[in-house]
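Engineer: Just so it is clear, I am handing over model33.txt, which has compact mmCIF, N, CA and C atoms and all ligand atoms.
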```
# COMPACT_ATOMS: atom_id res chain seq x y z
N MET O 807 -8.67 -11.36 -16.07
CA MET O 807 -8.16 -10.57 -17.17
C MET O 807 -6.74 -10.12 -16.83
N LYS O 808 -5.84 -10.19 -17.77
CA LYS O 808 -4.46 -9.77 -17.57
C LYS O 808 -4.40 -8.27 -17.27
N ASN O 809 -3.42 -7.88 -16.43
CA ASN O 809 -3.30 -6.47 -16.06
C ASN O 809 -3.11 -5.56 -17.26
N TRP O 810 -2.30 -5.99 -18.23
CA TRP O 810 -2.07 -5.12 -19.40
C TRP O 810 -3.34 -4.95 -20.21
N LEU O 811 -4.20 -5.99 -20.24
CA LEU O 811 -5.45 -5.89 -20.99
C LEU O 811 -6.44 -4.99 -20.25
N LYS O 812 -6.45 -5.10 -18.90
CA LYS O 812 -7.33 -4.22 -18.12
C LYS O 812 -7.00 -2.76 -18.39
N ARG O 813 -5.68 -2.47 -18.41
CA ARG O 813 -5.27 -1.08 -18.65
C ARG O 813 -5.69 -0.64 -20.05
N LEU O 814 -5.58 -1.54 -21.02
CA LEU O 814 -5.89 -1.21 -22.41
C LEU O 814 -7.37 -0.90 -22.58
N VAL O 815 -8.24 -1.69 -21.95
CA VAL O 815 -9.69 -1.47 -22.11
C VAL O 815 -10.25 -0.58 -21.01
N GLY O 816 -9.41 -0.12 -20.10
CA GLY O 816 -9.86 0.80 -19.06
C GLY O 816 -10.65 0.13 -17.96
N ASN O 817 -10.52 -1.17 -17.81
CA ASN O 817 -11.25 -1.89 -16.77
C ASN O 817 -10.28 -2.25 -15.66
N ASP O 818 -9.73 -1.25 -15.04
CA ASP O 818 -8.69 -1.45 -14.05
C ASP O 818 -9.28 -1.26 -12.67
N SER O 819 -9.74 -2.34 -12.08
CA SER O 819 -10.42 -2.26 -10.79
C SER O 819 -9.40 -2.36 -9.66
N CYS O 820 -9.22 -1.28 -8.93
CA CYS O 820 -8.29 -1.26 -7.81
C CYS O 820 -9.05 -0.85 -6.56
N GLU O 821 -8.83 -1.60 -5.50
CA GLU O 821 -9.49 -1.29 -4.23
C GLU O 821 -8.50 -1.54 -3.10
N VAL O 822 -8.65 -0.74 -2.06
CA VAL O 822 -7.91 -0.99 -0.83
C VAL O 822 -8.93 -1.22 0.28
N HIS O 823 -8.84 -2.40 0.90
CA HIS O 823 -9.70 -2.75 2.02
C HIS O 823 -8.88 -2.55 3.29
N PHE O 824 -9.28 -1.62 4.12
CA PHE O 824 -8.61 -1.42 5.40
C PHE O 824 -9.28 -2.33 6.42
N ASP O 825 -8.50 -3.18 7.07
CA ASP O 825 -9.07 -4.22 7.94
C ASP O 825 -9.97 -3.66 9.04
N GLU O 826 -9.63 -2.50 9.56
CA GLU O 826 -10.46 -1.92 10.62
C GLU O 826 -11.17 -0.66 10.13
N GLY O 827 -11.46 -0.61 8.86
CA GLY O 827 -12.09 0.59 8.32
C GLY O 827 -12.76 0.33 7.00
N PRO O 828 -12.90 1.38 6.22
CA PRO O 828 -13.65 1.26 4.97
C PRO O 828 -12.83 0.65 3.84
N THR O 829 -13.50 0.44 2.74
CA THR O 829 -12.87 0.05 1.48
C THR O 829 -12.97 1.25 0.55
N VAL O 830 -11.88 1.48 -0.19
CA VAL O 830 -11.89 2.61 -1.11
C VAL O 830 -11.44 2.15 -2.49
N ALA O 831 -12.12 2.61 -3.51
CA ALA O 831 -11.73 2.35 -4.90
C ALA O 831 -10.76 3.44 -5.32
N VAL O 832 -9.65 3.05 -5.93
CA VAL O 832 -8.62 4.02 -6.31
C VAL O 832 -8.15 3.75 -7.73
N ASP O 833 -7.50 4.75 -8.31
CA ASP O 833 -6.88 4.56 -9.62
C ASP O 833 -5.63 3.71 -9.47
N SER O 834 -5.32 2.93 -10.49
CA SER O 834 -4.10 2.14 -10.49
C SER O 834 -2.90 3.08 -10.32
N GLY O 835 -1.98 2.69 -9.46
CA GLY O 835 -0.79 3.51 -9.22
C GLY O 835 -0.91 4.40 -8.00
N THR O 836 -2.09 4.43 -7.39
CA THR O 836 -2.27 5.20 -6.16
C THR O 836 -1.52 4.50 -5.02
N THR O 837 -0.82 5.25 -4.21
CA THR O 837 -0.15 4.63 -3.06
C THR O 837 -1.19 4.27 -1.99
N ILE O 838 -0.82 3.33 -1.14
CA ILE O 838 -1.71 2.98 -0.02
C ILE O 838 -1.91 4.21 0.87
N MET O 839 -0.86 5.01 1.03
CA MET O 839 -0.97 6.23 1.84
C MET O 839 -2.04 7.17 1.26
N ASP O 840 -2.01 7.38 -0.06
CA ASP O 840 -3.02 8.25 -0.67
C ASP O 840 -4.42 7.62 -0.58
N ALA O 841 -4.48 6.30 -0.71
CA ALA O 841 -5.78 5.63 -0.55
C ALA O 841 -6.32 5.83 0.86
N SER O 842 -5.42 5.80 1.86
CA SER O 842 -5.87 5.99 3.25
C SER O 842 -6.43 7.40 3.43
N LYS O 843 -5.83 8.36 2.77
CA LYS O 843 -6.36 9.74 2.87
C LYS O 843 -7.75 9.82 2.24
N GLN O 844 -7.91 9.14 1.09
CA GLN O 844 -9.23 9.14 0.44
C GLN O 844 -10.27 8.46 1.33
N ALA O 845 -9.85 7.46 2.10
CA ALA O 845 -10.77 6.71 2.96
C ALA O 845 -10.89 7.32 4.35
N ASP O 846 -10.16 8.41 4.59
CA ASP O 846 -10.16 9.06 5.90
C ASP O 846 -9.67 8.11 7.00
N VAL O 847 -8.64 7.34 6.65
CA VAL O 847 -8.00 6.41 7.58
C VAL O 847 -6.62 6.98 7.91
N GLU O 848 -6.28 7.06 9.18
CA GLU O 848 -5.02 7.67 9.58
C GLU O 848 -3.86 6.68 9.55
N ILE O 849 -2.80 7.08 8.86
CA ILE O 849 -1.52 6.36 8.87
C ILE O 849 -0.45 7.38 9.21
N ASP O 850 0.42 7.04 10.18
CA ASP O 850 1.50 7.96 10.56
C ASP O 850 2.43 8.19 9.37
N SER O 851 3.05 9.37 9.34
CA SER O 851 3.92 9.73 8.23
C SER O 851 4.90 10.81 8.67
N PHE O 852 5.87 10.43 9.47
CA PHE O 852 6.78 11.43 10.03
C PHE O 852 7.64 12.11 8.97
N CYS O 853 8.02 11.39 7.92
CA CYS O 853 8.90 11.99 6.90
C CYS O 853 8.12 12.57 5.72
N GLY O 854 6.81 12.53 5.79
CA GLY O 854 6.00 13.11 4.73
C GLY O 854 6.01 12.31 3.43
N GLY O 855 6.24 11.03 3.52
CA GLY O 855 6.21 10.17 2.34
C GLY O 855 7.50 10.12 1.57
N ASN O 856 8.59 10.43 2.23
CA ASN O 856 9.90 10.46 1.55
C ASN O 856 10.73 9.19 1.74
N CYS O 857 10.10 8.11 2.16
CA CYS O 857 10.77 6.81 2.25
C CYS O 857 11.99 6.85 3.17
N SER O 858 11.81 7.49 4.35
CA SER O 858 12.96 7.54 5.24
C SER O 858 12.64 7.28 6.70
N CYS O 859 11.36 7.13 7.08
CA CYS O 859 11.07 7.01 8.51
C CYS O 859 10.48 5.66 8.93
N SER O 860 9.77 5.01 8.07
CA SER O 860 9.10 3.72 8.28
C SER O 860 7.88 3.80 9.20
N THR O 861 7.48 4.99 9.63
CA THR O 861 6.29 5.08 10.48
C THR O 861 5.01 4.76 9.72
N CYS O 862 5.07 4.74 8.41
CA CYS O 862 3.88 4.49 7.59
C CYS O 862 3.73 3.01 7.24
N LYS O 863 4.52 2.16 7.86
CA LYS O 863 4.46 0.74 7.47
C LYS O 863 3.10 0.15 7.79
N VAL O 864 2.66 -0.73 6.89
CA VAL O 864 1.40 -1.44 7.04
C VAL O 864 1.63 -2.91 6.72
N MET O 865 0.76 -3.75 7.26
CA MET O 865 0.80 -5.18 6.96
C MET O 865 -0.17 -5.47 5.82
N ILE O 866 0.31 -6.16 4.81
CA ILE O 866 -0.57 -6.55 3.71
C ILE O 866 -1.14 -7.92 4.05
N SER O 867 -2.42 -7.95 4.39
CA SER O 867 -3.03 -9.21 4.81
C SER O 867 -3.52 -10.03 3.62
N ASP O 868 -3.70 -9.39 2.46
CA ASP O 868 -4.06 -10.13 1.24
C ASP O 868 -3.79 -9.22 0.04
N GLY O 869 -3.41 -9.83 -1.06
CA GLY O 869 -3.24 -9.08 -2.31
C GLY O 869 -1.87 -8.46 -2.49
N ALA O 870 -0.86 -8.99 -1.82
CA ALA O 870 0.49 -8.42 -1.93
C ALA O 870 0.98 -8.40 -3.38
N LYS O 871 0.50 -9.35 -4.17
CA LYS O 871 0.93 -9.39 -5.58
C LYS O 871 0.32 -8.24 -6.39
N CYS O 872 -0.67 -7.58 -5.82
CA CYS O 872 -1.33 -6.46 -6.50
C CYS O 872 -0.73 -5.13 -6.09
N LEU O 873 0.51 -5.16 -5.66
CA LEU O 873 1.23 -3.93 -5.32
C LEU O 873 2.49 -3.82 -6.18
N SER O 874 2.98 -2.60 -6.33
CA SER O 874 4.25 -2.40 -7.02
C SER O 874 5.34 -3.15 -6.28
N LYS O 875 6.41 -3.45 -6.98
CA LYS O 875 7.52 -4.17 -6.38
C LYS O 875 8.23 -3.31 -5.32
N VAL O 876 8.84 -3.98 -4.37
CA VAL O 876 9.60 -3.28 -3.33
C VAL O 876 10.85 -2.67 -3.97
N SER O 877 11.02 -1.39 -3.81
CA SER O 877 12.20 -0.72 -4.36
C SER O 877 13.40 -0.93 -3.43
N VAL O 878 14.58 -0.66 -3.93
CA VAL O 878 15.79 -0.76 -3.11
C VAL O 878 15.67 0.17 -1.90
N GLU O 879 15.15 1.37 -2.12
CA GLU O 879 15.01 2.34 -1.02
C GLU O 879 14.05 1.81 0.05
N GLU O 880 12.93 1.25 -0.40
CA GLU O 880 11.96 0.72 0.56
C GLU O 880 12.55 -0.46 1.33
N GLU O 881 13.28 -1.32 0.65
CA GLU O 881 13.90 -2.46 1.32
C GLU O 881 14.94 -1.98 2.33
N THR O 882 15.65 -0.92 2.00
CA THR O 882 16.64 -0.37 2.92
C THR O 882 15.98 0.13 4.20
N VAL O 883 14.84 0.81 4.06
CA VAL O 883 14.15 1.38 5.22
C VAL O 883 13.47 0.28 6.05
N LEU O 884 12.78 -0.63 5.41
CA LEU O 884 12.03 -1.66 6.14
C LEU O 884 12.90 -2.82 6.59
N GLY O 885 13.81 -3.21 5.74
CA GLY O 885 14.64 -4.38 6.05
C GLY O 885 13.97 -5.65 5.54
N PRO O 886 14.78 -6.65 5.20
CA PRO O 886 14.24 -7.87 4.61
C PRO O 886 13.32 -8.66 5.54
N LYS O 887 13.55 -8.60 6.86
CA LYS O 887 12.71 -9.35 7.80
C LYS O 887 11.26 -8.85 7.75
N MET O 888 11.09 -7.54 7.82
CA MET O 888 9.73 -6.99 7.80
C MET O 888 9.06 -7.23 6.45
N ILE O 889 9.83 -7.13 5.38
CA ILE O 889 9.25 -7.38 4.06
C ILE O 889 8.78 -8.83 3.97
N ASN O 890 9.60 -9.75 4.48
CA ASN O 890 9.20 -11.17 4.46
C ASN O 890 7.98 -11.43 5.33
N GLU O 891 7.77 -10.61 6.37
CA GLU O 891 6.60 -10.77 7.23
C GLU O 891 5.35 -10.13 6.62
N GLY O 892 5.50 -9.44 5.48
CA GLY O 892 4.33 -8.89 4.79
C GLY O 892 4.14 -7.41 4.96
N TYR O 893 5.14 -6.72 5.51
CA TYR O 893 5.01 -5.27 5.68
C TYR O 893 5.42 -4.53 4.41
N ARG O 894 4.78 -3.38 4.19
CA ARG O 894 5.18 -2.46 3.12
C ARG O 894 5.10 -1.04 3.67
N LEU O 895 5.85 -0.15 3.03
CA LEU O 895 5.72 1.27 3.35
C LEU O 895 4.52 1.80 2.55
N SER O 896 3.54 2.32 3.26
CA SER O 896 2.32 2.75 2.57
C SER O 896 2.58 3.93 1.63
N CYS O 897 3.63 4.69 1.89
CA CYS O 897 3.92 5.83 1.01
C CYS O 897 4.61 5.40 -0.28
N GLN O 898 5.06 4.15 -0.34
CA GLN O 898 5.80 3.66 -1.51
C GLN O 898 5.03 2.61 -2.31
N ALA O 899 4.23 1.81 -1.65
CA ALA O 899 3.53 0.70 -2.31
C ALA O 899 2.36 1.23 -3.13
N LYS O 900 2.40 0.97 -4.41
CA LYS O 900 1.35 1.46 -5.32
C LYS O 900 0.37 0.32 -5.64
N VAL O 901 -0.89 0.66 -5.59
CA VAL O 901 -1.96 -0.32 -5.76
C VAL O 901 -2.19 -0.61 -7.24
N GLN O 902 -2.26 -1.91 -7.56
CA GLN O 902 -2.50 -2.33 -8.94
C GLN O 902 -3.61 -3.38 -9.01
N GLY O 903 -4.41 -3.48 -7.97
CA GLY O 903 -5.48 -4.48 -7.93
C GLY O 903 -6.22 -4.36 -6.60
N ILE O 904 -6.62 -5.50 -6.05
CA ILE O 904 -7.36 -5.49 -4.80
C ILE O 904 -6.43 -5.91 -3.66
N VAL O 905 -6.35 -5.04 -2.66
CA VAL O 905 -5.38 -5.22 -1.58
C VAL O 905 -6.08 -5.06 -0.23
N HIS O 906 -5.71 -5.91 0.72
CA HIS O 906 -6.23 -5.82 2.08
C HIS O 906 -5.08 -5.38 2.99
N VAL O 907 -5.34 -4.35 3.79
CA VAL O 907 -4.28 -3.69 4.56
C VAL O 907 -4.65 -3.64 6.03
N LYS O 908 -3.69 -4.01 6.87
CA LYS O 908 -3.86 -3.86 8.33
C LYS O 908 -2.85 -2.82 8.80
N ILE O 909 -3.33 -1.86 9.55
CA ILE O 909 -2.47 -0.79 10.05
C ILE O 909 -2.06 -1.13 11.48
N PRO O 910 -0.76 -1.30 11.73
CA PRO O 910 -0.33 -1.62 13.09
C PRO O 910 -0.63 -0.46 14.04
N ARG O 911 -1.13 -0.80 15.21
CA ARG O 911 -1.38 0.23 16.24
C ARG O 911 -0.51 -0.10 17.43
N TYR O 912 0.30 0.84 17.84
CA TYR O 912 1.25 0.61 18.91
C TYR O 912 0.83 1.23 20.23
N PHE O 913 -0.16 2.12 20.19
CA PHE O 913 -0.58 2.79 21.43
C PHE O 913 -2.07 2.60 21.66
S1 LIG V 1001 6.03 8.25 5.48
FE1 LIG V 1001 8.09 7.97 6.07
S2 LIG V 1001 8.66 6.14 5.06
FE2 LIG V 1001 6.60 6.42 4.45
```
Kindly transcribe the structure held in the file into structure tokens.
Structural biologist:
Amino acid sequence: MKNWLKRLVGNDSCEVHFDEGPTVAVDSGTTIMDASKQADVEIDSFCGGNCSCSTCKVMISDGAKCLSKVSVEEETVLGPKMINEGYRLSCQAKVQGIVHVKIPRYF
């Protein structure tokens, strides 16, 4: 079903699957960061979701097309290399379908 038709009939199924955690159903337009809070999954957020630190970056392992487009601000913070590798800022990427997310762990 086309996205515009789903919104019209209210059949807008959005889910975030965390690779090492639970799956959570969310409203369309919810950020991955907010979905992680609903799922009780920890994502770092040094700038508080203000698109300036990049500590909230996540790898989209599937469903990248089901996210909002990368904004100029997000591209500035992440850089084109990370975006091409499949990373998004979880505080900026809004869910519009079914998305699979891997959270990088550095420690
Ligand atoms: S929380 Fe800082 S860029 Fe997302």
Engineer: Please give me, as an MDAnalysis selection string, the residues lying within 7 Å of ligand LIG 1001 (chain V) when counting only C-alpha atoms and all ligand atoms.
Structural biologist: chainID O and resid 850:863 895:898
Engineer: From the list O:Lys875, O:His823, O:Lys900, O:Lys887, which residue is nearest O:Met839 when using only C-alpha atoms?
Structural biologist: O:Lys900
Engineer: Between O:Asp833, O:Ala845, O:Ser819, O:Tyr893, which one has atoms that come closest to O:Ile866, using only N, CA and C atoms?
Structural biologist: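 Distance minimum relative to O:Ile866 lands on O:Tyr893.
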Engineer: Select from stretch 821-891 of chain O everything DSSP, run on the backbone, classes as alpha helix (DSSP H), then give the selection as an mmCIF file with N, CA and C atoms, in the frame of the given file.
Structural biologist:
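Final output, saved to part.cif:
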```cif
data_model
loop_
_atom_site.group_PDB
_atom_site.id
_atom_site.type_symbol
_atom_site.label_atom_id
_atom_site.label_comp_id
_atom_site.auth_asym_id
_atom_site.auth_seq_id
_atom_site.Cartn_x
_atom_site.Cartn_y
_atom_site.Cartn_z
ATOM 1 N N ILE O 838 -0.820 3.330 -1.140
ATOM 2 C CA ILE O 838 -1.710 2.980 -0.020
ATOM 3 C C ILE O 838 -1.910 4.210 0.870
ATOM 4 N N MET O 839 -0.860 5.010 1.030
ATOM 5 C CA MET O 839 -0.970 6.230 1.840
ATOM 6 C C MET O 839 -2.040 7.170 1.260
ATOM 7 N N ASP O 840 -2.010 7.380 -0.060
ATOM 8 C CA ASP O 840 -3.020 8.250 -0.670
ATOM 9 C C ASP O 840 -4.420 7.620 -0.580
ATOM 10 N N ALA O 841 -4.480 6.300 -0.710
ATOM 11 C CA ALA O 841 -5.780 5.630 -0.550
ATOM 12 C C ALA O 841 -6.320 5.830 0.860
ATOM 13 N N SER O 842 -5.420 5.800 1.860
ATOM 14 C CA SER O 842 -5.870 5.990 3.250
ATOM 15 C C SER O 842 -6.430 7.400 3.430
ATOM 16 N N LYS O 843 -5.830 8.360 2.770
ATOM 17 C CA LYS O 843 -6.360 9.740 2.870
ATOM 18 C C LYS O 843 -7.750 9.820 2.240
ATOM 19 N N GLN O 844 -7.910 9.140 1.090
ATOM 20 C CA GLN O 844 -9.230 9.140 0.440
ATOM 21 C C GLN O 844 -10.270 8.460 1.330
ATOM 22 N N VAL O 878 14.580 -0.660 -3.930
ATOM 23 C CA VAL O 878 15.790 -0.760 -3.110
ATOM 24 C C VAL O 878 15.670 0.170 -1.900
ATOM 25 N N GLU O 879 15.150 1.370 -2.120
ATOM 26 C CA GLU O 879 15.010 2.340 -1.020
ATOM 27 C C GLU O 879 14.050 1.810 0.050
ATOM 28 N N GLU O 880 12.930 1.250 -0.400
ATOM 29 C CA GLU O 880 11.960 0.720 0.560
ATOM 30 C C GLU O 880 12.550 -0.460 1.330
ATOM 31 N N GLU O 881 13.280 -1.320 0.650
ATOM 32 C CA GLU O 881 13.900 -2.460 1.320
ATOM 33 C C GLU O 881 14.940 -1.980 2.330
ATOM 34 N N THR O 882 15.650 -0.920 2.000
ATOM 35 C CA THR O 882 16.640 -0.370 2.920
ATOM 36 C C THR O 882 15.980 0.130 4.200
ATOM 37 N N VAL O 883 14.840 0.810 4.060
ATOM 38 C CA VAL O 883 14.150 1.380 5.220
ATOM 39 C C VAL O 883 13.470 0.280 6.050
ATOM 40 N N LEU O 884 12.780 -0.630 5.410
ATOM 41 C CA LEU O 884 12.030 -1.660 6.140
ATOM 42 C C LEU O 884 12.900 -2.820 6.590
ATOM 43 N N PRO O 886 14.780 -6.650 5.200
ATOM 44 C CA PRO O 886 14.240 -7.870 4.610
ATOM 45 C C PRO O 886 13.320 -8.660 5.540
ATOM 46 N N LYS O 887 13.550 -8.600 6.860
ATOM 47 C CA LYS O 887 12.710 -9.350 7.800
ATOM 48 C C LYS O 887 11.260 -8.850 7.750
ATOM 49 N N MET O 888 11.090 -7.540 7.820
ATOM 50 C CA MET O 888 9.730 -6.990 7.800
ATOM 51 C C MET O 888 9.060 -7.230 6.450
ATOM 52 N N ILE O 889 9.830 -7.130 5.380
ATOM 53 C CA ILE O 889 9.250 -7.380 4.060
ATOM 54 C C ILE O 889 8.780 -8.830 3.970
ATOM 55 N N ASN O 890 9.600 -9.750 4.480
ATOM 56 C CA ASN O 890 9.200 -11.170 4.460
ATOM 57 C C ASN O 890 7.980 -11.430 5.330
#
```
Engineer: Kindly give the distance, in Å, that separates atom CA of O:Gly869 and atom CA of O:Val905, rounded to a single decimal.
Structural biologist: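 Atom CA of O:Val905 lies 4.5 Å from atom CA of O:Gly869.
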Engineer: Find the distance between atom N of O:Pro828 and atom C of O:Gln844 and write it in Å to one decimal.
Structural biologist: 9.0 Å
Engineer: Which one of O:Met888, O:Val864, O:Ser877, O:Cys872 sits closest to O:Pro910 if you count only N, CA and C atoms?
Structural biologist: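 Among the listed residues, O:Val864 lies closest to O:Pro910.
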Engineer: Find the residue from O:Ile889, O:Ala899, O:Val830, O:Ile909 that sits nearest to O:Leu873; use only C-alpha atoms when measuring.
Structural biologist: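 Distance minimum relative to O:Leu873 lands on O:Ala899.
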Engineer: Just to confirm, what's the straight-line distance from atom CA of O:Val832 to atom CA of O:Lys908 in Å (one decimal)?
Structural biologist: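 Answer for the atom CA of O:Val832 to atom CA of O:Lys908 separation: 17.3 Å.
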Engineer: When you count all atoms listed in the file, which of these residues is closest to O:His906: O:Glu848, O:Asp868, O:Glu879, O:Glu891?
Structural biologist: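 Looking only at the distances to O:His906, the closest residue turns out to be O:Asp868.
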Engineer: Would you mind writing down, as a PDB file with N, CA and C atoms, in the coordinates of the input, each residue of chain O that DSSP on the backbone assigns to strand (DSSP E)?
Structural biologist:
```pdb
ATOM      1  N   CYS O 820      -9.220  -1.280  -8.930  1.00  0.00           N
ATOM      2  CA  CYS O 820      -8.290  -1.260  -7.810  1.00  0.00           C
ATOM      3  C   CYS O 820      -9.050  -0.850  -6.560  1.00  0.00           C
ATOM      4  N   GLU O 821      -8.830  -1.600  -5.500  1.00  0.00           N
ATOM      5  CA  GLU O 821      -9.490  -1.290  -4.230  1.00  0.00           C
ATOM      6  C   GLU O 821      -8.500  -1.540  -3.100  1.00  0.00           C
ATOM      7  N   VAL O 822      -8.650  -0.740  -2.060  1.00  0.00           N
ATOM      8  CA  VAL O 822      -7.910  -0.990  -0.830  1.00  0.00           C
ATOM      9  C   VAL O 822      -8.930  -1.220   0.280  1.00  0.00           C
ATOM     10  N   HIS O 823      -8.840  -2.400   0.900  1.00  0.00           N
ATOM     11  CA  HIS O 823      -9.700  -2.750   2.020  1.00  0.00           C
ATOM     12  C   HIS O 823      -8.880  -2.550   3.290  1.00  0.00           C
ATOM     13  N   PHE O 824      -9.280  -1.620   4.120  1.00  0.00           N
ATOM     14  CA  PHE O 824      -8.610  -1.420   5.400  1.00  0.00           C
ATOM     15  C   PHE O 824      -9.280  -2.330   6.420  1.00  0.00           C
ATOM     16  N   THR O 829     -13.500   0.440   2.740  1.00  0.00           N
ATOM     17  CA  THR O 829     -12.870   0.050   1.480  1.00  0.00           C
ATOM     18  C   THR O 829     -12.970   1.250   0.550  1.00  0.00           C
ATOM     19  N   VAL O 830     -11.880   1.480  -0.190  1.00  0.00           N
ATOM     20  CA  VAL O 830     -11.890   2.610  -1.110  1.00  0.00           C
ATOM     21  C   VAL O 830     -11.440   2.150  -2.490  1.00  0.00           C
ATOM     22  N   ALA O 831     -12.120   2.610  -3.510  1.00  0.00           N
ATOM     23  CA  ALA O 831     -11.730   2.350  -4.900  1.00  0.00           C
ATOM     24  C   ALA O 831     -10.760   3.440  -5.320  1.00  0.00           C
ATOM     25  N   VAL O 832      -9.650   3.050  -5.930  1.00  0.00           N
ATOM     26  CA  VAL O 832      -8.620   4.020  -6.310  1.00  0.00           C
ATOM     27  C   VAL O 832      -8.150   3.750  -7.730  1.00  0.00           C
ATOM     28  N   LYS O 863       4.520   2.160   7.860  1.00  0.00           N
ATOM     29  CA  LYS O 863       4.460   0.740   7.470  1.00  0.00           C
ATOM     30  C   LYS O 863       3.100   0.150   7.790  1.00  0.00           C
ATOM     31  N   VAL O 864       2.660  -0.730   6.890  1.00  0.00           N
ATOM     32  CA  VAL O 864       1.400  -1.440   7.040  1.00  0.00           C
ATOM     33  C   VAL O 864       1.630  -2.910   6.720  1.00  0.00           C
ATOM     34  N   MET O 865       0.760  -3.750   7.260  1.00  0.00           N
ATOM     35  CA  MET O 865       0.800  -5.180   6.960  1.00  0.00           C
ATOM     36  C   MET O 865      -0.170  -5.470   5.820  1.00  0.00           C
ATOM     37  N   ILE O 866       0.310  -6.160   4.810  1.00  0.00           N
ATOM     38  CA  ILE O 866      -0.570  -6.550   3.710  1.00  0.00           C
ATOM     39  C   ILE O 866      -1.140  -7.920   4.050  1.00  0.00           C
ATOM     40  N   SER O 867      -2.420  -7.950   4.390  1.00  0.00           N
ATOM     41  CA  SER O 867      -3.030  -9.210   4.810  1.00  0.00           C
ATOM     42  C   SER O 867      -3.520 -10.030   3.620  1.00  0.00           C
ATOM     43  N   ASP O 868      -3.700  -9.390   2.460  1.00  0.00           N
ATOM     44  CA  ASP O 868      -4.060 -10.130   1.240  1.00  0.00           C
ATOM     45  C   ASP O 868      -3.790  -9.220   0.040  1.00  0.00           C
ATOM     46  N   TYR O 893       5.140  -6.720   5.510  1.00  0.00           N
ATOM     47  CA  TYR O 893       5.010  -5.270   5.680  1.00  0.00           C
ATOM     48  C   TYR O 893       5.420  -4.530   4.410  1.00  0.00           C
ATOM     49  N   ARG O 894       4.780  -3.380   4.190  1.00  0.00           N
ATOM     50  CA  ARG O 894       5.180  -2.460   3.120  1.00  0.00           C
ATOM     51  C   ARG O 894       5.100  -1.040   3.670  1.00  0.00           C
ATOM     52  N   LEU O 895       5.850  -0.150   3.030  1.00  0.00           N
ATOM     53  CA  LEU O 895       5.720   1.270   3.350  1.00  0.00           C
ATOM     54  C   LEU O 895       4.520   1.800   2.550  1.00  0.00           C
ATOM     55  N   ILE O 904      -6.620  -5.500  -6.050  1.00  0.00           N
ATOM     56  CA  ILE O 904      -7.360  -5.490  -4.800  1.00  0.00           C
ATOM     57  C   ILE O 904      -6.430  -5.910  -3.660  1.00  0.00           C
ATOM     58  N   VAL O 905      -6.350  -5.040  -2.660  1.00  0.00           N
ATOM     59  CA  VAL O 905      -5.380  -5.220  -1.580  1.00  0.00           C
ATOM     60  C   VAL O 905      -6.080  -5.060  -0.230  1.00  0.00           C
ATOM     61  N   HIS O 906      -5.710  -5.910   0.720  1.00  0.00           N
ATOM     62  CA  HIS O 906      -6.230  -5.820   2.080  1.00  0.00           C
ATOM     63  C   HIS O 906      -5.080  -5.380   2.990  1.00  0.00           C
ATOM     64  N   VAL O 907      -5.340  -4.350   3.790  1.00  0.00           N
ATOM     65  CA  VAL O 907      -4.280  -3.690   4.560  1.00  0.00           C
ATOM     66  C   VAL O 907      -4.650  -3.640   6.030  1.00  0.00           C
ATOM     67  N   LYS O 908      -3.690  -4.010   6.870  1.00  0.00           N
ATOM     68  CA  LYS O 908      -3.860  -3.860   8.330  1.00  0.00           C
ATOM     69  C   LYS O 908      -2.850  -2.820   8.800  1.00  0.00           C
TER      70      LYS O 908
END
```
Engineer: So, counting only N, CA and C atoms, which residue among O:Tyr912, O:Met865, O:Ile904, O:Ser874 is closest to O:Gly892?
Structural biologist: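 Selected residue with least distance to O:Gly892: O:Met865.
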Engineer: Quick one: 8 Å padding each side, axis-aligned, all listed atoms of stretch 886-894 of chain O - centre and edge lengths in Å to one decimal, as AutoDock Vina command-line options?
Structural biologist:
```
--center_x 9.5 --center_y -6.2 --center_z 5.5 --size_x 26.6 --size_y 26.4 --size_z 20.7
```
